[in-house]
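Here is the file structure08.txt (compact mmCIF, N, CA and C atoms and all ligand atoms).
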```
# COMPACT_ATOMS: atom_id res chain seq x y z
N MET A 1 12.28 7.54 -16.76
CA MET A 1 11.47 6.76 -15.83
C MET A 1 10.29 7.59 -15.32
N MET A 2 10.54 8.88 -15.04
CA MET A 2 9.45 9.74 -14.55
C MET A 2 8.43 10.01 -15.64
N HIS A 3 8.94 10.25 -16.88
CA HIS A 3 8.03 10.46 -18.00
C HIS A 3 7.06 9.29 -18.13
N ARG A 4 7.62 8.08 -18.06
CA ARG A 4 6.82 6.87 -18.22
C ARG A 4 5.74 6.78 -17.13
N ASN A 5 6.06 7.29 -15.94
CA ASN A 5 5.10 7.21 -14.84
C ASN A 5 4.29 8.49 -14.67
N GLY A 6 4.30 9.34 -15.70
CA GLY A 6 3.45 10.52 -15.71
C GLY A 6 3.89 11.64 -14.79
N LEU A 7 5.20 11.74 -14.56
CA LEU A 7 5.69 12.76 -13.64
C LEU A 7 6.63 13.70 -14.39
N ARG A 8 6.50 15.00 -14.11
CA ARG A 8 7.40 15.97 -14.73
C ARG A 8 8.76 15.88 -14.03
N PRO A 9 9.84 15.60 -14.81
CA PRO A 9 11.13 15.41 -14.15
C PRO A 9 11.83 16.72 -13.83
N SER A 10 11.52 17.34 -12.71
CA SER A 10 12.23 18.55 -12.30
C SER A 10 13.60 18.16 -11.75
N ALA A 11 14.49 19.14 -11.68
CA ALA A 11 15.85 18.88 -11.18
C ALA A 11 15.80 18.33 -9.75
N GLN A 12 14.87 18.87 -8.93
CA GLN A 12 14.78 18.40 -7.54
C GLN A 12 14.32 16.95 -7.46
N ARG A 13 13.32 16.61 -8.28
CA ARG A 13 12.83 15.23 -8.26
C ARG A 13 13.91 14.25 -8.71
N ILE A 14 14.67 14.65 -9.75
CA ILE A 14 15.75 13.78 -10.24
C ILE A 14 16.79 13.59 -9.13
N ALA A 15 17.12 14.68 -8.43
CA ALA A 15 18.12 14.59 -7.37
C ALA A 15 17.63 13.68 -6.24
N VAL A 16 16.36 13.82 -5.83
CA VAL A 16 15.81 13.01 -4.74
C VAL A 16 15.76 11.54 -5.16
N LEU A 17 15.25 11.27 -6.36
CA LEU A 17 15.12 9.89 -6.81
C LEU A 17 16.49 9.23 -6.95
N SER A 18 17.46 9.91 -7.55
CA SER A 18 18.73 9.24 -7.73
C SER A 18 19.46 9.09 -6.40
N PHE A 19 19.24 10.00 -5.46
CA PHE A 19 19.86 9.82 -4.14
C PHE A 19 19.32 8.55 -3.47
N VAL A 20 18.00 8.40 -3.46
CA VAL A 20 17.42 7.22 -2.79
C VAL A 20 17.82 5.94 -3.53
N ALA A 21 17.80 5.99 -4.87
CA ALA A 21 18.11 4.78 -5.64
C ALA A 21 19.55 4.35 -5.45
N ASN A 22 20.45 5.30 -5.20
CA ASN A 22 21.87 4.95 -5.12
C ASN A 22 22.38 4.76 -3.72
N CYS A 23 21.66 5.22 -2.70
CA CYS A 23 22.32 5.19 -1.40
C CYS A 23 22.04 3.91 -0.62
N ARG A 24 20.98 3.16 -0.94
CA ARG A 24 20.74 1.83 -0.41
C ARG A 24 20.63 1.76 1.12
N THR A 25 20.51 2.89 1.81
CA THR A 25 20.42 2.82 3.27
C THR A 25 19.01 3.17 3.74
N HIS A 26 18.06 3.30 2.82
CA HIS A 26 16.68 3.62 3.18
C HIS A 26 16.62 4.91 3.99
N PRO A 27 17.01 6.03 3.37
CA PRO A 27 17.10 7.30 4.11
C PRO A 27 15.74 7.87 4.49
N SER A 28 15.72 8.68 5.54
CA SER A 28 14.52 9.42 5.92
C SER A 28 14.50 10.74 5.15
N ALA A 29 13.36 11.44 5.18
CA ALA A 29 13.25 12.72 4.47
C ALA A 29 14.30 13.72 4.99
N ASP A 30 14.53 13.72 6.30
CA ASP A 30 15.52 14.65 6.86
C ASP A 30 16.93 14.34 6.37
N GLU A 31 17.27 13.05 6.29
CA GLU A 31 18.59 12.67 5.78
C GLU A 31 18.75 13.10 4.33
N ILE A 32 17.69 12.88 3.54
CA ILE A 32 17.75 13.26 2.12
C ILE A 32 17.95 14.77 2.01
N TYR A 33 17.19 15.52 2.81
CA TYR A 33 17.31 16.98 2.78
C TYR A 33 18.72 17.42 3.17
N SER A 34 19.24 16.87 4.26
CA SER A 34 20.54 17.37 4.70
C SER A 34 21.66 16.97 3.75
N ARG A 35 21.56 15.79 3.10
CA ARG A 35 22.59 15.41 2.14
C ARG A 35 22.50 16.22 0.85
N LEU A 36 21.28 16.53 0.39
CA LEU A 36 21.14 17.22 -0.89
C LEU A 36 21.27 18.73 -0.76
N SER A 37 21.00 19.29 0.42
CA SER A 37 21.02 20.75 0.53
C SER A 37 22.44 21.29 0.36
N GLY A 38 23.46 20.46 0.59
CA GLY A 38 24.83 20.88 0.31
C GLY A 38 25.04 21.13 -1.18
N LYS A 39 24.45 20.24 -1.99
CA LYS A 39 24.63 20.33 -3.44
C LYS A 39 23.67 21.34 -4.07
N PHE A 40 22.46 21.46 -3.48
CA PHE A 40 21.45 22.37 -4.01
C PHE A 40 21.07 23.37 -2.92
N PRO A 41 21.83 24.48 -2.81
CA PRO A 41 21.58 25.43 -1.70
C PRO A 41 20.17 26.01 -1.71
N SER A 42 19.50 26.01 -2.88
CA SER A 42 18.16 26.61 -2.93
C SER A 42 17.07 25.61 -2.54
N LEU A 43 17.46 24.38 -2.28
CA LEU A 43 16.48 23.32 -1.97
C LEU A 43 15.86 23.56 -0.59
N SER A 44 14.53 23.46 -0.51
CA SER A 44 13.89 23.61 0.80
C SER A 44 13.40 22.25 1.27
N ARG A 45 13.15 22.16 2.57
CA ARG A 45 12.62 20.94 3.16
C ARG A 45 11.27 20.57 2.52
N THR A 46 10.45 21.62 2.28
CA THR A 46 9.13 21.39 1.67
C THR A 46 9.26 20.76 0.29
N THR A 47 10.22 21.25 -0.51
CA THR A 47 10.43 20.68 -1.84
C THR A 47 10.81 19.21 -1.74
N VAL A 48 11.65 18.86 -0.77
CA VAL A 48 12.03 17.46 -0.60
C VAL A 48 10.80 16.63 -0.25
N TYR A 49 9.99 17.11 0.69
CA TYR A 49 8.77 16.38 1.07
C TYR A 49 7.83 16.24 -0.13
N ASN A 50 7.63 17.33 -0.87
CA ASN A 50 6.73 17.28 -2.04
C ASN A 50 7.26 16.31 -3.09
N SER A 51 8.58 16.33 -3.33
CA SER A 51 9.16 15.41 -4.32
C SER A 51 8.98 13.97 -3.87
N LEU A 52 9.18 13.71 -2.57
CA LEU A 52 9.03 12.34 -2.06
C LEU A 52 7.59 11.86 -2.25
N HIS A 53 6.61 12.74 -1.98
CA HIS A 53 5.21 12.33 -2.16
C HIS A 53 4.90 12.05 -3.62
N ALA A 54 5.36 12.95 -4.52
CA ALA A 54 5.08 12.78 -5.94
C ALA A 54 5.73 11.49 -6.46
N LEU A 55 6.96 11.22 -6.04
CA LEU A 55 7.67 10.01 -6.50
C LEU A 55 7.03 8.75 -5.94
N THR A 56 6.49 8.84 -4.72
CA THR A 56 5.80 7.68 -4.13
C THR A 56 4.48 7.43 -4.88
N ASP A 57 3.75 8.52 -5.16
CA ASP A 57 2.49 8.38 -5.90
C ASP A 57 2.73 7.79 -7.29
N ALA A 58 3.87 8.10 -7.89
CA ALA A 58 4.19 7.61 -9.23
C ALA A 58 4.84 6.22 -9.19
N SER A 59 4.83 5.58 -8.01
CA SER A 59 5.38 4.23 -7.84
C SER A 59 6.87 4.13 -8.13
N LEU A 60 7.59 5.23 -7.95
CA LEU A 60 9.05 5.15 -8.13
C LEU A 60 9.75 5.00 -6.80
N LEU A 61 9.09 5.43 -5.72
CA LEU A 61 9.62 5.24 -4.38
C LEU A 61 8.59 4.49 -3.55
N ARG A 62 9.08 3.83 -2.54
CA ARG A 62 8.21 3.09 -1.63
C ARG A 62 8.46 3.64 -0.22
N GLU A 63 7.37 3.92 0.50
CA GLU A 63 7.51 4.40 1.87
C GLU A 63 7.61 3.22 2.81
N LEU A 64 8.52 3.28 3.73
CA LEU A 64 8.67 2.21 4.73
C LEU A 64 8.45 2.83 6.09
N GLU A 65 7.38 2.43 6.75
CA GLU A 65 7.19 2.96 8.10
C GLU A 65 7.69 1.92 9.09
N ILE A 66 9.01 1.84 9.20
CA ILE A 66 9.63 0.83 10.04
C ILE A 66 9.62 1.27 11.49
N GLU A 67 9.95 2.53 11.75
CA GLU A 67 9.74 3.09 13.09
C GLU A 67 8.55 4.02 12.93
N SER A 68 7.58 3.97 13.84
CA SER A 68 6.40 4.79 13.61
C SER A 68 6.77 6.27 13.70
N GLY A 69 6.21 7.05 12.78
CA GLY A 69 6.47 8.48 12.76
C GLY A 69 7.76 8.85 12.05
N ASN A 70 8.55 7.89 11.59
CA ASN A 70 9.76 8.23 10.85
C ASN A 70 9.79 7.43 9.56
N MET A 71 9.23 8.04 8.51
CA MET A 71 9.13 7.36 7.23
C MET A 71 10.50 7.26 6.58
N ARG A 72 10.82 6.08 6.07
CA ARG A 72 12.06 5.89 5.32
C ARG A 72 11.69 5.57 3.87
N TYR A 73 12.60 5.79 2.95
CA TYR A 73 12.28 5.65 1.53
C TYR A 73 13.19 4.63 0.85
N ASP A 74 12.59 3.87 -0.07
CA ASP A 74 13.29 2.84 -0.81
C ASP A 74 12.94 3.03 -2.29
N PHE A 75 13.87 2.64 -3.16
CA PHE A 75 13.64 2.70 -4.60
C PHE A 75 12.69 1.55 -4.95
N LYS A 76 11.55 1.87 -5.57
CA LYS A 76 10.54 0.83 -5.75
C LYS A 76 10.80 -0.15 -6.89
N PRO A 77 11.26 0.32 -8.07
CA PRO A 77 11.44 -0.65 -9.17
C PRO A 77 12.61 -1.61 -8.93
N GLN A 78 12.47 -2.49 -7.97
CA GLN A 78 13.48 -3.52 -7.73
C GLN A 78 12.74 -4.73 -7.19
N PRO A 79 13.36 -5.92 -7.26
CA PRO A 79 12.65 -7.12 -6.84
C PRO A 79 12.13 -7.01 -5.40
N ALA A 80 10.98 -7.63 -5.14
CA ALA A 80 10.41 -7.60 -3.79
C ALA A 80 11.42 -8.13 -2.79
N HIS A 81 11.52 -7.46 -1.65
CA HIS A 81 12.46 -7.91 -0.63
C HIS A 81 11.95 -7.47 0.73
N GLY A 82 12.43 -8.11 1.76
CA GLY A 82 12.09 -7.72 3.12
C GLY A 82 13.18 -6.85 3.70
N HIS A 83 12.99 -6.39 4.92
CA HIS A 83 13.97 -5.54 5.57
C HIS A 83 14.35 -6.08 6.93
N PHE A 84 15.60 -5.89 7.28
CA PHE A 84 16.08 -6.30 8.60
C PHE A 84 16.57 -5.03 9.31
N VAL A 85 16.00 -4.73 10.47
CA VAL A 85 16.38 -3.53 11.21
C VAL A 85 17.24 -3.94 12.39
N CYS A 86 18.46 -3.38 12.46
CA CYS A 86 19.34 -3.71 13.59
C CYS A 86 18.99 -2.78 14.76
N ARG A 87 18.73 -3.38 15.92
CA ARG A 87 18.33 -2.56 17.06
C ARG A 87 19.52 -1.84 17.69
N LYS A 88 20.75 -2.24 17.32
CA LYS A 88 21.92 -1.58 17.90
C LYS A 88 22.42 -0.44 17.01
N CYS A 89 22.74 -0.73 15.75
CA CYS A 89 23.29 0.34 14.89
C CYS A 89 22.20 1.08 14.13
N GLY A 90 20.97 0.53 14.13
CA GLY A 90 19.85 1.23 13.49
C GLY A 90 19.82 1.12 11.98
N LYS A 91 20.78 0.39 11.38
CA LYS A 91 20.79 0.26 9.92
C LYS A 91 19.65 -0.64 9.46
N ILE A 92 19.20 -0.38 8.22
CA ILE A 92 18.15 -1.20 7.61
C ILE A 92 18.76 -1.93 6.42
N PHE A 93 18.71 -3.25 6.46
CA PHE A 93 19.31 -4.07 5.40
C PHE A 93 18.20 -4.70 4.57
N ASP A 94 18.47 -4.87 3.26
CA ASP A 94 17.55 -5.63 2.41
C ASP A 94 17.76 -7.12 2.66
N THR A 95 16.68 -7.87 2.73
CA THR A 95 16.78 -9.32 2.90
C THR A 95 15.87 -9.99 1.87
N PRO A 96 16.29 -11.14 1.34
CA PRO A 96 15.42 -11.85 0.40
C PRO A 96 14.17 -12.34 1.11
N LEU A 97 13.08 -12.45 0.37
CA LEU A 97 11.84 -12.97 0.96
C LEU A 97 11.88 -14.50 0.95
N PRO A 98 11.24 -15.13 1.94
CA PRO A 98 11.15 -16.58 1.89
C PRO A 98 10.36 -17.02 0.66
N ARG A 99 10.81 -18.08 0.04
CA ARG A 99 10.21 -18.55 -1.19
C ARG A 99 8.76 -19.02 -1.05
N SER A 100 8.44 -19.55 0.12
CA SER A 100 7.14 -20.21 0.30
C SER A 100 6.02 -19.24 0.63
N LEU A 101 6.33 -17.93 0.65
CA LEU A 101 5.36 -16.94 1.13
C LEU A 101 4.02 -17.01 0.39
N ALA A 102 4.04 -17.02 -0.94
CA ALA A 102 2.80 -17.00 -1.70
C ALA A 102 2.00 -18.29 -1.49
N ASP A 103 2.70 -19.38 -1.16
CA ASP A 103 2.01 -20.66 -0.95
C ASP A 103 1.08 -20.61 0.25
N SER A 104 1.37 -19.75 1.21
CA SER A 104 0.58 -19.72 2.43
C SER A 104 -0.69 -18.88 2.29
N LEU A 105 -0.92 -18.34 1.10
CA LEU A 105 -2.06 -17.45 0.89
C LEU A 105 -3.33 -18.24 0.55
N THR A 106 -4.48 -17.74 1.01
CA THR A 106 -5.76 -18.34 0.67
C THR A 106 -5.95 -18.31 -0.85
N PRO A 107 -6.35 -19.43 -1.47
CA PRO A 107 -6.54 -19.44 -2.92
C PRO A 107 -7.51 -18.34 -3.36
N GLY A 108 -7.23 -17.70 -4.49
CA GLY A 108 -8.10 -16.64 -4.98
C GLY A 108 -7.63 -15.25 -4.59
N PHE A 109 -6.76 -15.16 -3.57
CA PHE A 109 -6.23 -13.86 -3.18
C PHE A 109 -5.02 -13.54 -4.05
N CYS A 110 -4.75 -12.24 -4.23
CA CYS A 110 -3.66 -11.83 -5.10
C CYS A 110 -2.84 -10.76 -4.37
N ILE A 111 -1.52 -10.90 -4.37
CA ILE A 111 -0.65 -10.01 -3.60
C ILE A 111 -0.23 -8.80 -4.43
N ASP A 112 -0.42 -7.59 -3.90
CA ASP A 112 0.11 -6.38 -4.53
C ASP A 112 1.51 -6.07 -4.01
N CYS A 113 1.66 -6.18 -2.70
CA CYS A 113 2.97 -5.93 -2.13
C CYS A 113 3.09 -6.70 -0.83
N VAL A 114 4.32 -6.94 -0.41
CA VAL A 114 4.57 -7.68 0.82
C VAL A 114 5.47 -6.81 1.68
N GLU A 115 5.15 -6.68 2.95
CA GLU A 115 6.03 -5.93 3.84
C GLU A 115 6.46 -6.83 4.96
N ILE A 116 7.73 -7.17 4.95
CA ILE A 116 8.27 -8.03 6.00
C ILE A 116 9.41 -7.28 6.67
N VAL A 117 9.32 -7.13 7.97
CA VAL A 117 10.38 -6.47 8.72
C VAL A 117 10.88 -7.41 9.82
N TYR A 118 12.13 -7.75 9.73
CA TYR A 118 12.78 -8.52 10.79
C TYR A 118 13.47 -7.52 11.72
N ARG A 119 13.49 -7.81 13.01
CA ARG A 119 14.22 -6.95 13.95
C ARG A 119 15.19 -7.80 14.74
N GLY A 120 16.35 -7.24 15.02
CA GLY A 120 17.33 -8.00 15.79
C GLY A 120 18.69 -7.33 15.69
N LEU A 121 19.76 -8.15 15.66
CA LEU A 121 21.11 -7.63 15.57
C LEU A 121 21.71 -8.03 14.23
N CYS A 122 22.37 -7.09 13.56
CA CYS A 122 23.03 -7.43 12.29
C CYS A 122 24.29 -8.25 12.59
N ASP A 123 24.91 -8.81 11.56
CA ASP A 123 26.07 -9.69 11.79
C ASP A 123 27.20 -8.96 12.51
N ILE A 124 27.42 -7.67 12.20
CA ILE A 124 28.53 -6.95 12.83
C ILE A 124 28.23 -6.70 14.31
N CYS A 125 27.02 -6.21 14.62
CA CYS A 125 26.67 -5.92 16.02
C CYS A 125 26.57 -7.21 16.82
N ASN A 126 26.18 -8.29 16.18
CA ASN A 126 26.03 -9.57 16.88
C ASN A 126 27.39 -10.12 17.32
N LYS A 127 28.46 -9.72 16.63
CA LYS A 127 29.81 -10.21 16.96
C LYS A 127 30.40 -9.45 18.14
N GLN A 128 29.88 -8.23 18.40
CA GLN A 128 30.48 -7.39 19.44
C GLN A 128 30.03 -7.82 20.85
ZN ZN B 201 23.94 -3.46 13.62
ZN ZN B 202 14.87 -2.09 0.73
```

Just give me the structure as structure tokens.
Ligand SMILES: [Zn+2]
Ligand SMILES: [Zn+2]
Amino acid sequence: MMHRNGLRPSAQRIAVLSFVANCRTHPSADEIYSRLSGKFPSLSRTTVYNSLHALTDASLLRELEIESGNMRYDFKPQPAHGHFVCRKCGKIFDTPLPRSLADSLTPGFCIDCVEIVYRGLCDICNKQ
């Protein structure tokens, strides 16, 4: 996947990309660093940040600025979806986009990406 997107697949980049692609919780750079540094003792915070930037530039990761100043990361090659942020537990859930979204666009405009963030309580927190 990295070769196809013009990126040299270093061990660190592979580790960062597969962690984000498999963990589905939209981790922050600090979370990625603390989870991976156990497995890769030589990994530095700078390497994680550099890998995240390179993978984002190569369209393999998507940056989500859901809370300002705390970038979260999502695996980009997946169907477009929105996000739901729970104000109690802080988890970020994937949500399907409303079907009618493109219909509301001015004719002649073309969408590259859609960012929809819902905020509220998730089903578990809402029950408590
Ligand atoms: Zn919740
Ligand atoms: Zn997502």

Counting only C-alpha atoms and all ligand atoms, which protein, DNA or RNA residues come within 9 Å of ligand ZN 201 (chain B), given as a PDB file with N, CA and C atoms, keeping the file's coordinate frame?
```
ATOM      1  N   VAL A  85      16.000  -4.730  10.470  1.00  0.00           N
ATOM      2  CA  VAL A  85      16.380  -3.530  11.210  1.00  0.00           C
ATOM      3  C   VAL A  85      17.240  -3.940  12.390  1.00  0.00           C
ATOM      4  N   CYS A  86      18.460  -3.380  12.460  1.00  0.00           N
ATOM      5  CA  CYS A  86      19.340  -3.710  13.590  1.00  0.00           C
ATOM      6  C   CYS A  86      18.990  -2.780  14.760  1.00  0.00           C
ATOM      7  N   ARG A  87      18.730  -3.380  15.920  1.00  0.00           N
ATOM      8  CA  ARG A  87      18.330  -2.560  17.060  1.00  0.00           C
ATOM      9  C   ARG A  87      19.520  -1.840  17.690  1.00  0.00           C
ATOM     10  N   LYS A  88      20.750  -2.240  17.320  1.00  0.00           N
ATOM     11  CA  LYS A  88      21.920  -1.580  17.900  1.00  0.00           C
ATOM     12  C   LYS A  88      22.420  -0.440  17.010  1.00  0.00           C
ATOM     13  N   CYS A  89      22.740  -0.730  15.750  1.00  0.00           N
ATOM     14  CA  CYS A  89      23.290   0.340  14.890  1.00  0.00           C
ATOM     15  C   CYS A  89      22.200   1.080  14.130  1.00  0.00           C
ATOM     16  N   GLY A  90      20.970   0.530  14.130  1.00  0.00           N
ATOM     17  CA  GLY A  90      19.850   1.230  13.490  1.00  0.00           C
ATOM     18  C   GLY A  90      19.820   1.120  11.980  1.00  0.00           C
ATOM     19  N   LYS A  91      20.780   0.390  11.380  1.00  0.00           N
ATOM     20  CA  LYS A  91      20.790   0.260   9.920  1.00  0.00           C
ATOM     21  C   LYS A  91      19.650  -0.640   9.460  1.00  0.00           C
ATOM     22  N   ILE A  92      19.200  -0.380   8.220  1.00  0.00           N
ATOM     23  CA  ILE A  92      18.150  -1.200   7.610  1.00  0.00           C
ATOM     24  C   ILE A  92      18.760  -1.930   6.420  1.00  0.00           C
ATOM     25  N   GLY A 120      16.350  -7.240  15.020  1.00  0.00           N
ATOM     26  CA  GLY A 120      17.330  -8.000  15.790  1.00  0.00           C
ATOM     27  C   GLY A 120      18.690  -7.330  15.690  1.00  0.00           C
ATOM     28  N   LEU A 121      19.760  -8.150  15.660  1.00  0.00           N
ATOM     29  CA  LEU A 121      21.110  -7.630  15.570  1.00  0.00           C
ATOM     30  C   LEU A 121      21.710  -8.030  14.230  1.00  0.00           C
ATOM     31  N   CYS A 122      22.370  -7.090  13.560  1.00  0.00           N
ATOM     32  CA  CYS A 122      23.030  -7.430  12.290  1.00  0.00           C
ATOM     33  C   CYS A 122      24.290  -8.250  12.590  1.00  0.00           C
ATOM     34  N   ASP A 123      24.910  -8.810  11.560  1.00  0.00           N
ATOM     35  CA  ASP A 123      26.070  -9.690  11.790  1.00  0.00           C
ATOM     36  C   ASP A 123      27.200  -8.960  12.510  1.00  0.00           C
ATOM     37  N   ILE A 124      27.420  -7.670  12.200  1.00  0.00           N
ATOM     38  CA  ILE A 124      28.530  -6.950  12.830  1.00  0.00           C
ATOM     39  C   ILE A 124      28.230  -6.700  14.310  1.00  0.00           C
ATOM     40  N   CYS A 125      27.020  -6.210  14.620  1.00  0.00           N
ATOM     41  CA  CYS A 125      26.670  -5.920  16.020  1.00  0.00           C
ATOM     42  C   CYS A 125      26.570  -7.210  16.820  1.00  0.00           C
ATOM     43  N   ASN A 126      26.180  -8.290  16.180  1.00  0.00           N
ATOM     44  CA  ASN A 126      26.030  -9.570  16.880  1.00  0.00           C
ATOM     45  C   ASN A 126      27.390 -10.120  17.320  1.00  0.00           C
TER      46      ASN A 126
END
```

Discussion item. I need the residues of chain A that end up classed as helix (DSSP H, G or I) by DSSP on the backbone, written out as an MDAnalysis selection string.
Written reply: chainID A and resid 11:23 29:37 45:57 101:104 123:127

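For ligand ZN 202 (chain B), the set of protein, DNA and RNA residues within 8 Å, based on all atoms listed in the file, reads Arg24, Thr25, His26, Tyr73, Asp74, Phe75, Ala80, His81, Gly82, His83, Phe84, Ile92, Phe93, Asp94 and Thr95 of chain A.
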
One-decimal distance in Å that lies between atom CA of A:Arg13 and atom N of A:Ser51: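 It comes out at 6.6 Å.
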
Here atom CA of A:Leu97 and atom CA of A:Asn70 stand apart by 23.5 Å

One residue among A:Arg35, A:Leu43, A:Ser68, A:Asp112 is nearest to A:Cys23 when using only C-alpha atoms, and that residue is A:Arg35

(request) Figure out the distance between atom C of A:Pro27 and atom C of A:Gly69, please, to one decimal in Å. (result)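 Computing the Euclidean distance for atom C of A:Gly69 and atom C of A:Pro27 yields 11.0 Å.
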
Have a look at A:Leu101, A:Ile32, A:Ala54, A:Val117 and name the one nearest to A:Phe19; count all atoms listed in the file.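 Residue with the minimum atom-to-atom distance to A:Phe19: A:Ile32.
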
Just give me the residues with any atom within 5 Å of (9.2, 5.6, -13.2), file coordinates, counting all atoms listed in the file, written as a list in words.
->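 Returned residue set, sorted by chain then number, is Met1, Met2 and Asn5 of chain A.
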
Using all atoms listed in the file, the best pick from A:Ser28, A:Ser59, A:Gln128, A:Thr47 as closest to A:Met71 would be A:Ser28

So that I can check the secondary structure, give me every residue of stretch 5-128 of chain A assigned strand (DSSP E or B) by backbone DSSP, as a PyMOL selection string. chain A and resi 28+61-67+70-75+82-86+92-95+117-120
